[in-house]
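Below is the file work-v4.txt, which contains compact mmCIF, C-alpha atoms and all ligand atoms.
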```txt
# COMPACT_ATOMS: atom_id res chain seq x y z
CA MET A 1 1.73 -2.98 -32.50
CA ASP A 2 3.58 -3.81 -29.31
CA LEU A 3 7.13 -5.06 -29.69
CA GLY A 4 9.00 -6.53 -26.75
CA ALA A 5 12.53 -7.88 -26.76
CA THR A 6 11.35 -11.49 -27.14
CA SER A 7 7.99 -11.22 -28.92
CA GLY A 8 5.97 -8.88 -31.09
CA ARG A 9 2.21 -8.76 -31.42
CA PHE A 10 -0.63 -6.74 -32.73
CA ALA A 11 -4.06 -6.20 -31.29
CA LEU A 12 -7.28 -4.70 -32.56
CA GLY A 13 -8.92 -2.27 -30.17
CA ASN A 14 -12.25 -0.53 -29.98
CA TYR A 15 -14.17 1.73 -27.63
CA GLN A 16 -17.54 0.38 -26.57
CA GLU A 17 -19.88 1.26 -23.71
CA GLY A 18 -17.28 3.45 -22.04
CA ARG A 19 -14.54 0.80 -22.05
CA ILE A 20 -11.58 0.13 -24.31
CA LYS A 21 -11.62 -3.47 -25.46
CA PHE A 22 -9.01 -5.22 -27.51
CA GLU A 23 -8.04 -8.62 -28.75
CA VAL A 24 -4.49 -9.74 -29.52
CA VAL A 25 -4.67 -11.00 -33.09
CA GLU A 26 -1.15 -12.30 -33.73
CA GLN A 27 1.92 -12.79 -31.57
CA ILE A 28 5.29 -14.00 -32.86
CA PRO A 29 8.55 -14.76 -31.09
CA HIS A 30 11.58 -12.79 -32.18
CA GLY A 31 15.01 -11.91 -30.87
CA ALA A 32 18.40 -10.51 -31.70
CA THR A 33 20.93 -12.75 -33.43
CA GLU A 34 24.68 -12.52 -33.88
CA ARG A 35 25.52 -11.45 -37.44
CA ASN A 36 28.74 -9.93 -38.74
CA GLY A 37 30.06 -9.93 -35.16
CA ARG A 38 27.13 -7.86 -33.95
CA LEU A 39 23.88 -8.58 -32.17
CA GLU A 40 21.23 -7.45 -34.64
CA TRP A 41 17.42 -7.31 -34.76
CA ASP A 42 15.48 -8.84 -37.63
CA LEU A 43 13.83 -5.67 -38.87
CA ASP A 44 12.16 -7.36 -41.87
CA LEU A 45 10.36 -9.80 -39.59
CA LEU A 46 8.96 -6.98 -37.46
CA LEU A 47 8.15 -4.85 -40.50
CA SER A 48 6.17 -7.69 -42.04
CA LEU A 49 4.25 -8.07 -38.76
CA CYS A 50 3.42 -4.33 -38.94
CA ARG A 51 2.20 -4.75 -42.51
CA ARG A 52 -0.02 -7.66 -41.49
CA ALA A 53 -1.35 -5.49 -38.64
CA ALA A 54 -2.14 -2.66 -41.07
CA ASP A 55 -3.88 -5.04 -43.52
CA TYR A 56 -5.82 -6.73 -40.74
CA GLY A 57 -6.79 -3.38 -39.26
CA ALA A 58 -7.95 -1.98 -42.60
CA ALA A 59 -10.06 -5.10 -43.23
CA ASN A 60 -11.60 -4.95 -39.75
CA GLY A 61 -12.63 -1.34 -39.32
CA ALA A 62 -9.51 0.13 -37.66
CA GLN A 63 -8.58 3.72 -38.48
CA THR A 64 -5.13 4.05 -36.96
CA LEU A 65 -1.98 2.04 -36.25
CA GLY A 66 0.16 2.86 -33.21
CA ILE A 67 3.57 1.25 -32.71
CA ASP A 68 5.43 0.88 -29.43
CA SER A 69 8.61 -1.03 -28.62
CA TRP A 70 11.39 -1.40 -26.09
CA GLY A 71 13.55 1.69 -25.71
CA VAL A 72 16.88 3.00 -26.98
CA ASP A 73 17.45 0.97 -30.20
CA HIS A 74 17.40 2.64 -33.60
CA GLY A 75 18.36 2.45 -37.27
CA PHE A 76 20.40 4.79 -39.48
CA LEU A 77 19.48 6.29 -42.85
CA ASP A 78 21.73 7.57 -45.63
CA ALA A 79 21.23 10.83 -47.56
CA ASP A 80 18.60 9.16 -49.79
CA GLY A 81 16.64 7.83 -46.83
CA ASN A 82 17.86 4.24 -47.27
CA LEU A 83 18.47 2.10 -44.24
CA LEU A 84 22.14 1.59 -43.35
CA GLY A 85 22.24 -1.99 -42.03
CA ALA A 86 20.11 -3.77 -39.46
CA PRO A 87 19.44 -2.08 -36.10
CA VAL A 88 21.88 -3.24 -33.42
CA CYS A 89 20.48 -4.75 -30.22
CA TYR A 90 21.08 -2.85 -27.00
CA ARG A 91 22.71 -5.91 -25.41
CA ASP A 92 25.60 -5.85 -27.92
CA LEU A 93 28.81 -5.97 -25.90
CA SER A 94 30.36 -3.04 -27.82
CA HIS A 95 28.04 -0.80 -25.80
CA LEU A 96 29.86 -1.76 -22.60
CA ASP A 97 33.11 -0.31 -24.00
CA ALA A 98 31.35 2.91 -24.97
CA PHE A 99 29.79 3.06 -21.49
CA GLU A 100 33.30 2.97 -20.00
CA ALA A 101 34.64 5.55 -22.47
CA LEU A 102 31.81 7.92 -21.50
CA ARG A 103 32.46 7.46 -17.76
CA PRO A 104 34.23 10.87 -17.35
CA HIS A 105 31.06 12.60 -18.64
CA ARG A 106 28.62 10.80 -16.36
CA GLU A 107 27.92 13.51 -13.86
CA ARG A 108 27.44 16.12 -16.57
CA LEU A 109 25.19 13.84 -18.64
CA TYR A 110 22.97 13.18 -15.66
CA ALA A 111 22.72 16.90 -14.89
CA LEU A 112 21.80 17.56 -18.54
CA THR A 113 19.36 14.70 -19.12
CA GLY A 114 18.36 13.13 -15.78
CA ILE A 115 18.69 9.74 -17.46
CA GLN A 116 20.08 6.67 -15.72
CA HIS A 117 23.57 5.45 -16.55
CA GLN A 118 23.14 2.24 -18.52
CA PRO A 119 25.43 0.67 -21.14
CA PHE A 120 22.48 0.26 -23.49
CA ASN A 121 21.52 3.96 -23.67
CA THR A 122 21.36 5.33 -27.21
CA ILE A 123 24.22 7.70 -26.39
CA CYS A 124 26.51 4.70 -25.75
CA GLN A 125 25.33 3.08 -28.95
CA LEU A 126 25.99 6.20 -31.07
CA TYR A 127 29.39 6.49 -29.45
CA ALA A 128 30.11 2.80 -30.21
CA ARG A 129 29.11 3.13 -33.89
CA ARG A 130 31.42 6.12 -34.24
CA ALA A 131 34.28 4.33 -32.47
CA GLU A 132 33.92 1.35 -34.85
CA ASP A 133 33.93 3.59 -37.91
CA PRO A 134 34.52 7.35 -37.58
CA MET A 135 33.29 7.86 -41.18
CA PHE A 136 29.91 6.39 -40.31
CA VAL A 137 28.79 9.69 -38.77
CA SER A 138 29.05 11.41 -42.17
CA SER A 139 27.25 8.65 -44.13
CA ALA A 140 24.48 8.27 -41.53
CA LYS A 141 22.48 11.41 -42.23
CA ASP A 142 19.63 10.49 -39.94
CA TRP A 143 18.66 7.97 -37.30
CA MET A 144 15.34 6.99 -35.85
CA ILE A 145 14.32 5.03 -32.81
CA PHE A 146 12.66 1.69 -33.50
CA PRO A 147 8.93 2.58 -33.63
CA ASP A 148 9.65 5.81 -35.52
CA LEU A 149 11.88 3.82 -37.90
CA LEU A 150 9.10 1.31 -38.54
CA GLY A 151 6.64 4.20 -38.99
CA TYR A 152 8.99 5.77 -41.54
CA LEU A 153 9.49 2.53 -43.47
CA LEU A 154 5.72 2.03 -43.57
CA SER A 155 4.56 5.56 -44.29
CA GLY A 156 7.56 7.69 -45.33
CA GLU A 157 6.97 10.09 -42.41
CA ARG A 158 9.99 11.00 -40.25
CA ASN A 159 9.27 11.61 -36.60
CA HIS A 160 10.99 11.68 -33.22
CA GLU A 161 8.54 10.71 -30.52
CA LEU A 162 9.15 12.20 -27.08
CA THR A 163 8.78 9.17 -24.78
CA GLN A 164 11.27 7.15 -26.84
CA ALA A 165 13.56 10.17 -27.26
CA SER A 166 13.68 10.41 -23.47
CA THR A 167 15.29 6.94 -23.23
CA THR A 168 18.34 8.01 -25.26
CA GLN A 169 20.22 10.08 -22.63
CA LEU A 170 20.40 12.74 -25.34
CA LEU A 171 17.25 14.67 -24.46
CA GLY A 172 17.65 17.60 -22.09
CA LEU A 173 15.59 18.12 -18.95
CA ASP A 174 13.59 20.71 -20.94
CA GLY A 175 12.40 18.04 -23.43
CA GLN A 176 14.63 19.37 -26.25
CA TRP A 177 17.62 17.51 -27.71
CA SER A 178 20.72 18.43 -25.70
CA ALA A 179 23.39 19.78 -28.07
CA GLU A 180 25.98 19.19 -25.36
CA ALA A 181 25.03 15.53 -24.94
CA PHE A 182 25.27 15.05 -28.73
CA GLU A 183 28.66 16.73 -28.71
CA ILE A 184 29.82 14.26 -26.05
CA ALA A 185 28.55 11.39 -28.24
CA GLY A 186 30.35 12.90 -31.27
CA TRP A 187 27.16 13.15 -33.34
CA PRO A 188 25.29 16.18 -34.74
CA THR A 189 22.12 17.29 -32.94
CA PRO A 190 19.01 16.25 -34.93
CA GLU A 191 17.13 19.05 -36.64
CA ARG A 192 13.74 17.50 -35.96
CA VAL A 193 12.49 18.12 -32.43
CA ALA A 194 10.92 15.36 -30.35
CA HIS A 195 7.10 15.54 -30.26
CA GLN A 196 4.73 14.61 -27.48
CA PRO A 197 2.46 11.73 -28.62
CA GLY A 198 -1.26 12.07 -29.27
CA SER A 199 -1.36 13.23 -32.91
CA LEU A 200 -1.86 11.60 -36.29
CA GLY A 201 1.02 10.99 -38.71
CA GLY A 202 1.59 9.34 -42.09
CA GLN A 203 -0.59 6.91 -44.01
CA VAL A 204 -0.10 3.15 -44.16
CA GLY A 205 -2.55 1.39 -46.50
CA GLY A 206 -5.99 2.57 -45.40
CA LEU A 207 -4.80 3.59 -41.91
CA ARG A 208 -3.15 6.63 -40.37
CA ILE A 209 -0.15 6.15 -38.13
CA ALA A 210 -1.08 7.43 -34.67
CA HIS A 211 1.80 8.77 -32.59
CA VAL A 212 1.42 6.85 -29.34
CA GLY A 213 3.70 6.58 -26.34
CA SER A 214 6.08 4.63 -28.53
CA HIS A 215 8.32 3.62 -25.63
CA ASP A 216 6.63 0.47 -24.31
CA THR A 217 6.97 1.60 -20.69
CA ALA A 218 5.31 4.92 -21.52
CA SER A 219 2.37 3.06 -23.06
CA ALA A 220 2.29 0.71 -20.06
CA VAL A 221 2.17 3.60 -17.59
CA ALA A 222 -0.62 5.19 -19.65
CA GLY A 223 -2.34 1.77 -19.55
CA PHE A 224 -2.62 2.00 -15.75
CA GLY A 225 -5.04 4.90 -16.20
CA VAL A 226 -5.39 7.15 -13.17
CA LEU A 227 -2.61 6.36 -10.65
CA GLY A 228 -2.94 7.53 -7.05
CA ALA A 229 -0.25 9.83 -5.59
CA ASP A 230 0.46 7.05 -3.04
CA GLN A 231 0.84 4.42 -5.75
CA ILE A 232 4.02 3.04 -7.27
CA PHE A 233 3.82 1.55 -10.76
CA LEU A 234 5.66 -1.59 -11.77
CA ASN A 235 5.60 -3.01 -15.26
CA VAL A 236 7.09 -6.47 -15.35
CA GLY A 237 8.28 -7.98 -18.59
CA THR A 238 11.83 -8.52 -19.83
CA TRP A 239 12.63 -5.59 -17.53
CA SER A 240 10.88 -4.56 -14.34
CA LEU A 241 10.28 -0.83 -14.43
CA VAL A 242 9.41 0.53 -11.02
CA GLY A 243 8.66 4.15 -10.21
CA CYS A 244 6.05 6.88 -10.02
CA VAL A 245 4.78 9.77 -12.11
CA ILE A 246 6.04 13.24 -11.14
CA PRO A 247 5.46 16.62 -12.82
CA GLN A 248 9.14 17.68 -13.15
CA PRO A 249 12.42 15.73 -13.40
CA ILE A 250 14.46 15.03 -10.25
CA ALA A 251 18.08 15.09 -11.44
CA THR A 252 19.86 15.48 -8.10
CA PRO A 253 23.20 13.82 -7.23
CA GLU A 254 21.24 11.48 -4.91
CA ALA A 255 18.91 10.42 -7.77
CA GLU A 256 22.00 9.85 -9.92
CA ARG A 257 23.73 7.78 -7.22
CA LEU A 258 20.66 5.54 -6.99
CA ASN A 259 20.49 5.48 -10.82
CA PHE A 260 16.88 6.64 -11.11
CA THR A 261 15.81 7.85 -14.52
CA ASN A 262 13.50 10.63 -15.69
CA GLU A 263 11.71 9.38 -18.79
CA ARG A 264 8.67 11.18 -20.23
CA THR A 265 5.03 10.14 -19.93
CA ILE A 266 2.60 10.44 -22.81
CA ASP A 267 1.35 13.75 -21.39
CA GLY A 268 4.78 15.34 -20.94
CA GLN A 269 5.20 14.49 -17.25
CA VAL A 270 8.02 12.34 -15.92
CA ARG A 271 8.27 8.59 -15.31
CA PHE A 272 10.70 8.61 -12.42
CA LEU A 273 11.83 5.00 -12.29
CA ARG A 274 14.49 2.34 -12.03
CA ASN A 275 15.20 -0.48 -14.48
CA VAL A 276 15.56 -3.86 -12.79
CA PRO A 277 16.30 -6.91 -14.96
CA GLY A 278 12.96 -8.72 -14.71
CA PHE A 279 11.84 -11.85 -16.51
CA TYR A 280 15.02 -11.63 -18.62
CA VAL A 281 16.84 -13.33 -15.77
CA ILE A 282 13.98 -15.69 -14.87
CA ASN A 283 13.40 -16.77 -18.48
CA ARG A 284 17.07 -17.40 -19.11
CA ILE A 285 17.37 -19.55 -15.97
CA HIS A 286 14.24 -21.42 -17.09
CA GLU A 287 15.72 -21.98 -20.56
CA GLU A 288 19.16 -23.08 -19.35
CA LEU A 289 17.73 -25.50 -16.78
CA ARG A 290 15.36 -26.97 -19.41
CA VAL A 291 12.66 -26.94 -16.76
CA GLY A 292 10.07 -28.78 -18.88
CA LYS A 293 7.03 -26.81 -17.71
CA PRO A 294 5.94 -23.25 -18.53
CA VAL A 295 7.41 -20.38 -16.47
CA PRO A 296 4.21 -19.59 -14.45
CA GLU A 297 3.84 -23.25 -13.39
CA TRP A 298 7.52 -23.45 -12.52
CA LEU A 299 7.30 -20.28 -10.43
CA ALA A 300 4.18 -21.60 -8.70
CA SER A 301 6.28 -24.58 -7.51
CA ALA A 302 8.83 -22.27 -5.82
CA THR A 303 10.14 -23.18 -2.38
CA LEU A 304 11.29 -20.41 -0.03
CA PRO A 305 14.76 -19.25 -1.10
CA GLU A 306 17.72 -19.66 1.25
CA GLU A 307 19.66 -17.03 -0.67
CA THR A 308 18.85 -14.28 -3.13
CA VAL A 309 21.02 -12.08 -5.33
CA ASP A 310 20.77 -8.43 -6.24
CA LEU A 311 19.56 -8.34 -9.84
CA LEU A 312 20.98 -4.85 -10.24
CA HIS A 313 24.47 -6.40 -10.38
CA PRO A 314 26.11 -5.45 -13.72
CA ASP A 315 26.95 -9.12 -14.47
CA PHE A 316 23.30 -9.64 -15.41
CA PHE A 317 23.62 -7.46 -18.55
CA ASN A 318 24.25 -10.34 -21.00
CA PRO A 319 26.14 -13.22 -19.38
CA ASP A 320 27.16 -16.39 -21.26
CA SER A 321 25.33 -18.43 -18.63
CA MET A 322 22.66 -16.99 -16.35
CA VAL A 323 22.69 -20.07 -14.12
CA GLU A 324 26.46 -19.87 -13.55
CA THR A 325 26.27 -16.10 -12.94
CA CYS A 326 23.57 -16.60 -10.31
CA ALA A 327 25.44 -19.45 -8.62
CA ALA A 328 28.69 -17.44 -8.55
CA LEU A 329 27.04 -14.34 -7.10
CA ALA A 330 24.99 -16.32 -4.56
CA GLY A 331 27.97 -18.46 -3.50
CA ARG A 332 25.79 -21.58 -3.73
CA ARG A 333 23.69 -23.43 -6.26
CA PRO A 334 20.00 -24.21 -5.66
CA ARG A 335 19.56 -28.01 -5.63
CA SER A 336 16.22 -28.55 -7.38
CA ILE A 337 14.11 -26.74 -9.97
CA GLU A 338 11.73 -25.74 -7.15
CA GLU A 339 14.63 -24.16 -5.29
CA TRP A 340 15.73 -22.44 -8.49
CA ALA A 341 12.19 -21.05 -8.89
CA GLY A 342 12.29 -19.73 -5.31
CA PHE A 343 15.74 -18.28 -5.92
CA ALA A 344 14.67 -16.51 -9.16
CA LEU A 345 11.43 -15.18 -7.71
CA GLY A 346 13.00 -14.25 -4.38
CA SER A 347 15.87 -12.42 -6.07
CA LEU A 348 13.49 -10.37 -8.20
CA THR A 349 11.14 -9.46 -5.35
CA ALA A 350 14.02 -8.75 -2.92
CA THR A 351 15.64 -6.43 -5.49
CA LEU A 352 12.32 -4.66 -6.11
CA ALA A 353 11.60 -4.37 -2.39
CA LYS A 354 14.56 -2.02 -1.94
CA LEU A 355 13.08 0.54 -4.28
CA PRO A 356 9.94 1.94 -2.58
CA GLY A 357 12.13 3.33 0.23
CA ASP A 358 14.46 5.00 -2.28
CA LEU A 359 11.47 6.42 -4.15
CA GLU A 360 10.00 7.82 -0.93
CA ARG A 361 13.27 9.52 -0.01
CA LEU A 362 13.82 10.98 -3.46
CA THR A 363 10.27 12.22 -4.07
CA GLY A 364 9.21 13.02 -0.50
CA ARG A 365 6.03 10.96 -1.05
CA LYS A 366 4.61 8.10 1.00
CA PHE A 367 3.54 4.99 -0.93
CA ASN A 368 0.90 2.50 0.16
CA SER A 369 0.43 0.28 -2.85
CA ILE A 370 2.02 -0.97 -6.07
CA ARG A 371 0.16 -1.19 -9.35
CA VAL A 372 1.60 -4.08 -11.33
CA GLY A 373 1.19 -4.57 -15.07
CA GLY A 374 2.82 -6.68 -17.75
CA GLY A 375 3.20 -10.46 -17.92
CA GLY A 376 4.41 -10.63 -14.29
CA SER A 377 1.05 -9.33 -13.05
CA GLN A 378 -0.51 -12.68 -14.07
CA SER A 379 1.80 -14.66 -11.81
CA VAL A 380 0.03 -15.24 -8.49
CA ALA A 381 3.35 -16.45 -7.08
CA PHE A 382 5.11 -13.23 -8.10
CA CYS A 383 2.39 -10.82 -6.91
CA GLY A 384 2.02 -12.61 -3.56
CA ALA A 385 5.80 -12.64 -3.01
CA LEU A 386 6.00 -8.95 -3.97
CA ALA A 387 3.30 -7.93 -1.46
CA GLN A 388 5.15 -9.91 1.19
CA ALA A 389 8.61 -8.51 0.36
CA THR A 390 7.50 -4.87 0.21
CA GLY A 391 4.73 -4.86 2.83
CA LEU A 392 2.63 -2.92 0.29
CA THR A 393 -0.72 -3.88 -1.22
CA VAL A 394 -0.30 -5.09 -4.78
CA HIS A 395 -2.95 -4.14 -7.36
CA ALA A 396 -2.29 -6.44 -10.29
CA GLY A 397 -3.47 -5.76 -13.81
CA PRO A 398 -3.82 -5.23 -16.61
CA ALA A 399 -1.30 -7.75 -17.94
CA GLU A 400 -1.63 -5.94 -21.25
CA ALA A 401 -1.11 -2.44 -19.83
CA THR A 402 1.12 -1.58 -22.80
CA VAL A 403 -1.53 -2.49 -25.37
CA LEU A 404 -4.22 -0.64 -23.42
CA GLY A 405 -2.07 2.51 -23.18
CA ASN A 406 -1.14 2.30 -26.85
CA VAL A 407 -4.76 1.93 -27.97
CA GLY A 408 -5.91 4.65 -25.55
CA VAL A 409 -3.52 7.20 -27.06
CA GLN A 410 -4.61 6.20 -30.56
CA PHE A 411 -8.17 7.13 -29.57
CA LEU A 412 -6.89 10.40 -28.17
CA ALA A 413 -5.05 11.11 -31.44
CA SER A 414 -8.10 10.32 -33.55
CA GLY A 415 -10.42 12.48 -31.41
CA VAL A 416 -12.47 9.73 -29.70
CA PHE A 417 -11.26 11.27 -26.42
CA GLY A 418 -11.20 15.03 -26.11
CA SER A 419 -8.52 15.20 -23.41
CA HIS A 420 -5.92 13.20 -21.51
CA ALA A 421 -8.23 13.19 -18.48
CA GLU A 422 -11.02 11.61 -20.53
CA MET A 423 -8.63 9.01 -21.88
CA PHE A 424 -7.17 8.11 -18.47
CA ALA A 425 -10.67 7.78 -17.00
CA ALA A 426 -11.72 5.44 -19.82
CA ILE A 427 -8.55 3.36 -19.37
CA SER A 428 -9.21 3.09 -15.63
CA ARG A 429 -12.70 1.73 -16.38
CA SER A 430 -11.26 -0.81 -18.82
CA ALA A 431 -8.92 -2.90 -16.67
CA ASP A 432 -9.60 -5.79 -14.31
CA VAL A 433 -7.44 -5.60 -11.20
CA SER A 434 -6.67 -8.27 -8.53
CA VAL A 435 -5.59 -7.26 -5.03
CA TYR A 436 -2.86 -8.97 -2.96
CA ALA A 437 -2.55 -7.70 0.59
CA PRO A 438 0.65 -8.45 2.50
CA ASN A 439 0.25 -10.87 5.43
CA ARG A 440 0.99 -8.91 8.57
CA ARG A 441 3.66 -10.77 10.50
C1 LIG A 501 11.56 -2.26 -21.49
C2 LIG A 501 12.52 -1.25 -22.00
C3 LIG A 501 13.14 -0.42 -20.92
C4 LIG A 501 14.42 0.00 -21.59
C5 LIG A 501 14.82 -1.32 -22.17
C6 LIG A 501 15.87 -1.31 -23.23
O1 LIG A 501 11.02 -3.00 -22.52
O2 LIG A 501 11.87 -0.39 -22.91
O3 LIG A 501 12.40 0.68 -20.52
O4 LIG A 501 15.19 0.70 -20.79
O5 LIG A 501 13.61 -1.87 -22.64
```

Take the structure in the file and give it back as structure tokens.
Amino acid sequence: MDLGATSGRFALGNYQEGRIKFEVVEQIPHGATERNGRLEWDLDLLLSLCRRAADYGAANGAQTLGIDSWGVDHGFLDADGNLLGAPVCYRDLSHLDAFEALRPHRERLYALTGIQHQPFNTICQLYARRAEDPMFVSSAKDWMIFPDLLGYLLSGERNHELTQASTTQLLGLDGQWSAEAFEIAGWPTPERVAHQPGSLGGQVGGLRIAHVGSHDTASAVAGFGVLGADQIFLNVGTWSLVGCVIPQPIATPEAERLNFTNERTIDGQVRFLRNVPGFYVINRIHEELRVGKPVPEWLASATLPEETVDLLHPDFFNPDSMVETCAALAGRRPRSIEEWAGFALGSLTATLAKLPGDLERLTGRKFNSIRVGGGGSQSVAFCGALAQATGLTVHAGPAEATVLGNVGVQFLASGVFGSHAEMFAAISRSADVSVYAPNRR
């Protein structure tokens, strides 16, 4: 199961002739909707998709089910293990207020967790729930991040998975929950520790839950297989996640100033990366302009942009109108849909192009290429523009890095692979990659 912020799907994977193969069986659109003054996810819809995945898997020879999703969001349970309301979406505006209220603790939180300052972090959300209703902390006896919550509702097993836990800004640099960060949030520290993925969990129908890199970016990074030390990864979906894998967190004041984050990989290392709003901005422009052709075709029609904007601007969090926000920040309005395509694409690649230099300074490494996965890796227009903007060679694929990484870790958990190294090697053999070299000017 791979759940993104705009669609959820399940795929059936197998390991044949040294390669992991999979087919996406069902994909459904979904999204958060405003209910009771809050932006909420439709948990039942996603739970029913999981159940269909489990049934389909059991009928078609699967042994395990691994669930990954976007980061940070969660649900609460009462003392009897019943769900307390629908999970709130990270883009709910209440999280911006909590983000401001936590401002005095920023430096300390970064030193404790090494996690980027973002209004959507779980710590802001916990703080917001407590601010809305101080009694909620005593009725909510437990909380679980989305994939663990789904796993619990399907199998009864309670788990905290490490890669997701690392998105919360509540996990210490040592990989244990930080009691001090929880104290700042005004919530008790969970008793259950966060576990590295790669093991088997509860039972759903005829399948075992496999603990995978349940943060989608963790699965995506695993889905790149063996990454070179001179290679940046970039997974482009709703968000563009750009960074590299390092053995230990870098939580220096300079890393904090540049808002780099230290999330965990599936093998306990660190995904040192930045979140850039990716196709969230592009898709919303496309929707508001009623472009009338699919996004890839629209982007392929892009003309060279006269202006671009920095997508790291906080106004891109959840604006009423993306088109108006872009026009206001750019100081002009593109005149045609082709110009808008150039503006959207150019803004994304120009924002991304600033990051390799920051990464080199912070890590002391030299990067020569970018490995691109996710939906964006299928856009020839995007990959070409990225190679041009960064001057780095782009290695594009797999588009389904997340699914590949998820399935790979399931095979590790069930013993098909004896080690991480074996799994990464098999994943590397399984992906088709296209190369885009920058034109030397
Ligand atoms: C990308 C992602 C990202 C998070 C965001 C909420 O899907 O998981 O890593 O920070 O969603």

message: Applying 12 Å and only C-alpha atoms, which residues near A:Val281 remain after dropping the ones on its own chain fewer than 6 positions away? List them as a VMD selection string.
response: chain A and resid 236 to 240 287 to 288 295 309 to 313 315 to 319 321 to 326 340 to 341 343 to 345 347 to 348

Counting all atoms listed in the file, what are the residues of stretch 402-424 of chain A within 12 Å of stretch 266-272 of chain A, and for each of them which pair of atoms is the nearest and at what distance in Å, to one decimal? Sort the table by chain and rising number, as JSON lines.
```
{"residue": "A:Gly405", "atom": "CA", "partner": "A:Ile266", "partner_atom": "CA", "distance": 9.2}
{"residue": "A:Asn406", "atom": "CA", "partner": "A:Ile266", "partner_atom": "CA", "distance": 9.8}
{"residue": "A:Gly408", "atom": "CA", "partner": "A:Ile266", "partner_atom": "CA", "distance": 10.7}
{"residue": "A:Val409", "atom": "CA", "partner": "A:Ile266", "partner_atom": "CA", "distance": 8.1}
{"residue": "A:Gln410", "atom": "CA", "partner": "A:Ile266", "partner_atom": "CA", "distance": 11.4}
{"residue": "A:Leu412", "atom": "CA", "partner": "A:Ile266", "partner_atom": "CA", "distance": 10.9}
{"residue": "A:Ala413", "atom": "CA", "partner": "A:Ile266", "partner_atom": "CA", "distance": 11.6}
{"residue": "A:Ser419", "atom": "CA", "partner": "A:Asp267", "partner_atom": "CA", "distance": 10.2}
{"residue": "A:His420", "atom": "CA", "partner": "A:Asp267", "partner_atom": "CA", "distance": 7.3}
{"residue": "A:Ala421", "atom": "CA", "partner": "A:Asp267", "partner_atom": "CA", "distance": 10.0}
{"residue": "A:Met423", "atom": "CA", "partner": "A:Asp267", "partner_atom": "CA", "distance": 11.1}
{"residue": "A:Phe424", "atom": "CA", "partner": "A:Asp267", "partner_atom": "CA", "distance": 10.6}
```

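In this model, the gap between atom CA of A:Ala426 and atom CA of A:Gly397 comes to 15.2 Å.
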
- prompt: Hey, which of A:Leu150, A:Val25, A:Leu241, A:Leu47 ends up closest to ligand LIG 501 (chain A)? Count all atoms listed in the file.
  reply: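 Counting all atoms listed in the file, the residue closest to ligand LIG 501 (chain A) is A:Leu241.
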
Test item: residues lying within 9 Å of ligand LIG 501 (chain A) with all atoms listed in the file, as a PyMOL selection string: chain A and resi 3-5+69-73+90-91+118+120-121+164+167+215-218+235-241+263+274-275

Could you take the residues named above and write them with C-alpha atoms, as a PDB file, in the frame of the given file?
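Once everything was written out, this is result-v6.pdb:
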```
ATOM      1  CA  LEU A   3       7.130  -5.060 -29.690  1.00  0.00           C
ATOM      2  CA  GLY A   4       9.000  -6.530 -26.750  1.00  0.00           C
ATOM      3  CA  ALA A   5      12.530  -7.880 -26.760  1.00  0.00           C
ATOM      4  CA  SER A  69       8.610  -1.030 -28.620  1.00  0.00           C
ATOM      5  CA  TRP A  70      11.390  -1.400 -26.090  1.00  0.00           C
ATOM      6  CA  GLY A  71      13.550   1.690 -25.710  1.00  0.00           C
ATOM      7  CA  VAL A  72      16.880   3.000 -26.980  1.00  0.00           C
ATOM      8  CA  ASP A  73      17.450   0.970 -30.200  1.00  0.00           C
ATOM      9  CA  TYR A  90      21.080  -2.850 -27.000  1.00  0.00           C
ATOM     10  CA  ARG A  91      22.710  -5.910 -25.410  1.00  0.00           C
ATOM     11  CA  GLN A 118      23.140   2.240 -18.520  1.00  0.00           C
ATOM     12  CA  PHE A 120      22.480   0.260 -23.490  1.00  0.00           C
ATOM     13  CA  ASN A 121      21.520   3.960 -23.670  1.00  0.00           C
ATOM     14  CA  GLN A 164      11.270   7.150 -26.840  1.00  0.00           C
ATOM     15  CA  THR A 167      15.290   6.940 -23.230  1.00  0.00           C
ATOM     16  CA  HIS A 215       8.320   3.620 -25.630  1.00  0.00           C
ATOM     17  CA  ASP A 216       6.630   0.470 -24.310  1.00  0.00           C
ATOM     18  CA  THR A 217       6.970   1.600 -20.690  1.00  0.00           C
ATOM     19  CA  ALA A 218       5.310   4.920 -21.520  1.00  0.00           C
ATOM     20  CA  ASN A 235       5.600  -3.010 -15.260  1.00  0.00           C
ATOM     21  CA  VAL A 236       7.090  -6.470 -15.350  1.00  0.00           C
ATOM     22  CA  GLY A 237       8.280  -7.980 -18.590  1.00  0.00           C
ATOM     23  CA  THR A 238      11.830  -8.520 -19.830  1.00  0.00           C
ATOM     24  CA  TRP A 239      12.630  -5.590 -17.530  1.00  0.00           C
ATOM     25  CA  SER A 240      10.880  -4.560 -14.340  1.00  0.00           C
ATOM     26  CA  LEU A 241      10.280  -0.830 -14.430  1.00  0.00           C
ATOM     27  CA  GLU A 263      11.710   9.380 -18.790  1.00  0.00           C
ATOM     28  CA  ARG A 274      14.490   2.340 -12.030  1.00  0.00           C
ATOM     29  CA  ASN A 275      15.200  -0.480 -14.480  1.00  0.00           C
TER      30      ASN A 275
END
```

Would you compute, for all listed atoms of stretch 169-175 of chain A, the axis-aligned bounding box grown by 3 Å on each side, and then report its centre and edge lengths in Å rounded to one decimal, as AutoDock Vina command-line options?
```
--center_x 16.4 --center_y 15.4 --center_z -22.1 --size_x 14.0 --size_y 16.6 --size_z 12.4
```

- request: Write out as a PyMOL selection string which residues come within 7 Å of A:Gln176 when counting all atoms listed in the file, dropping same-chain ones fewer than 5 positions away.
  value: chain A and resi 171+193-194
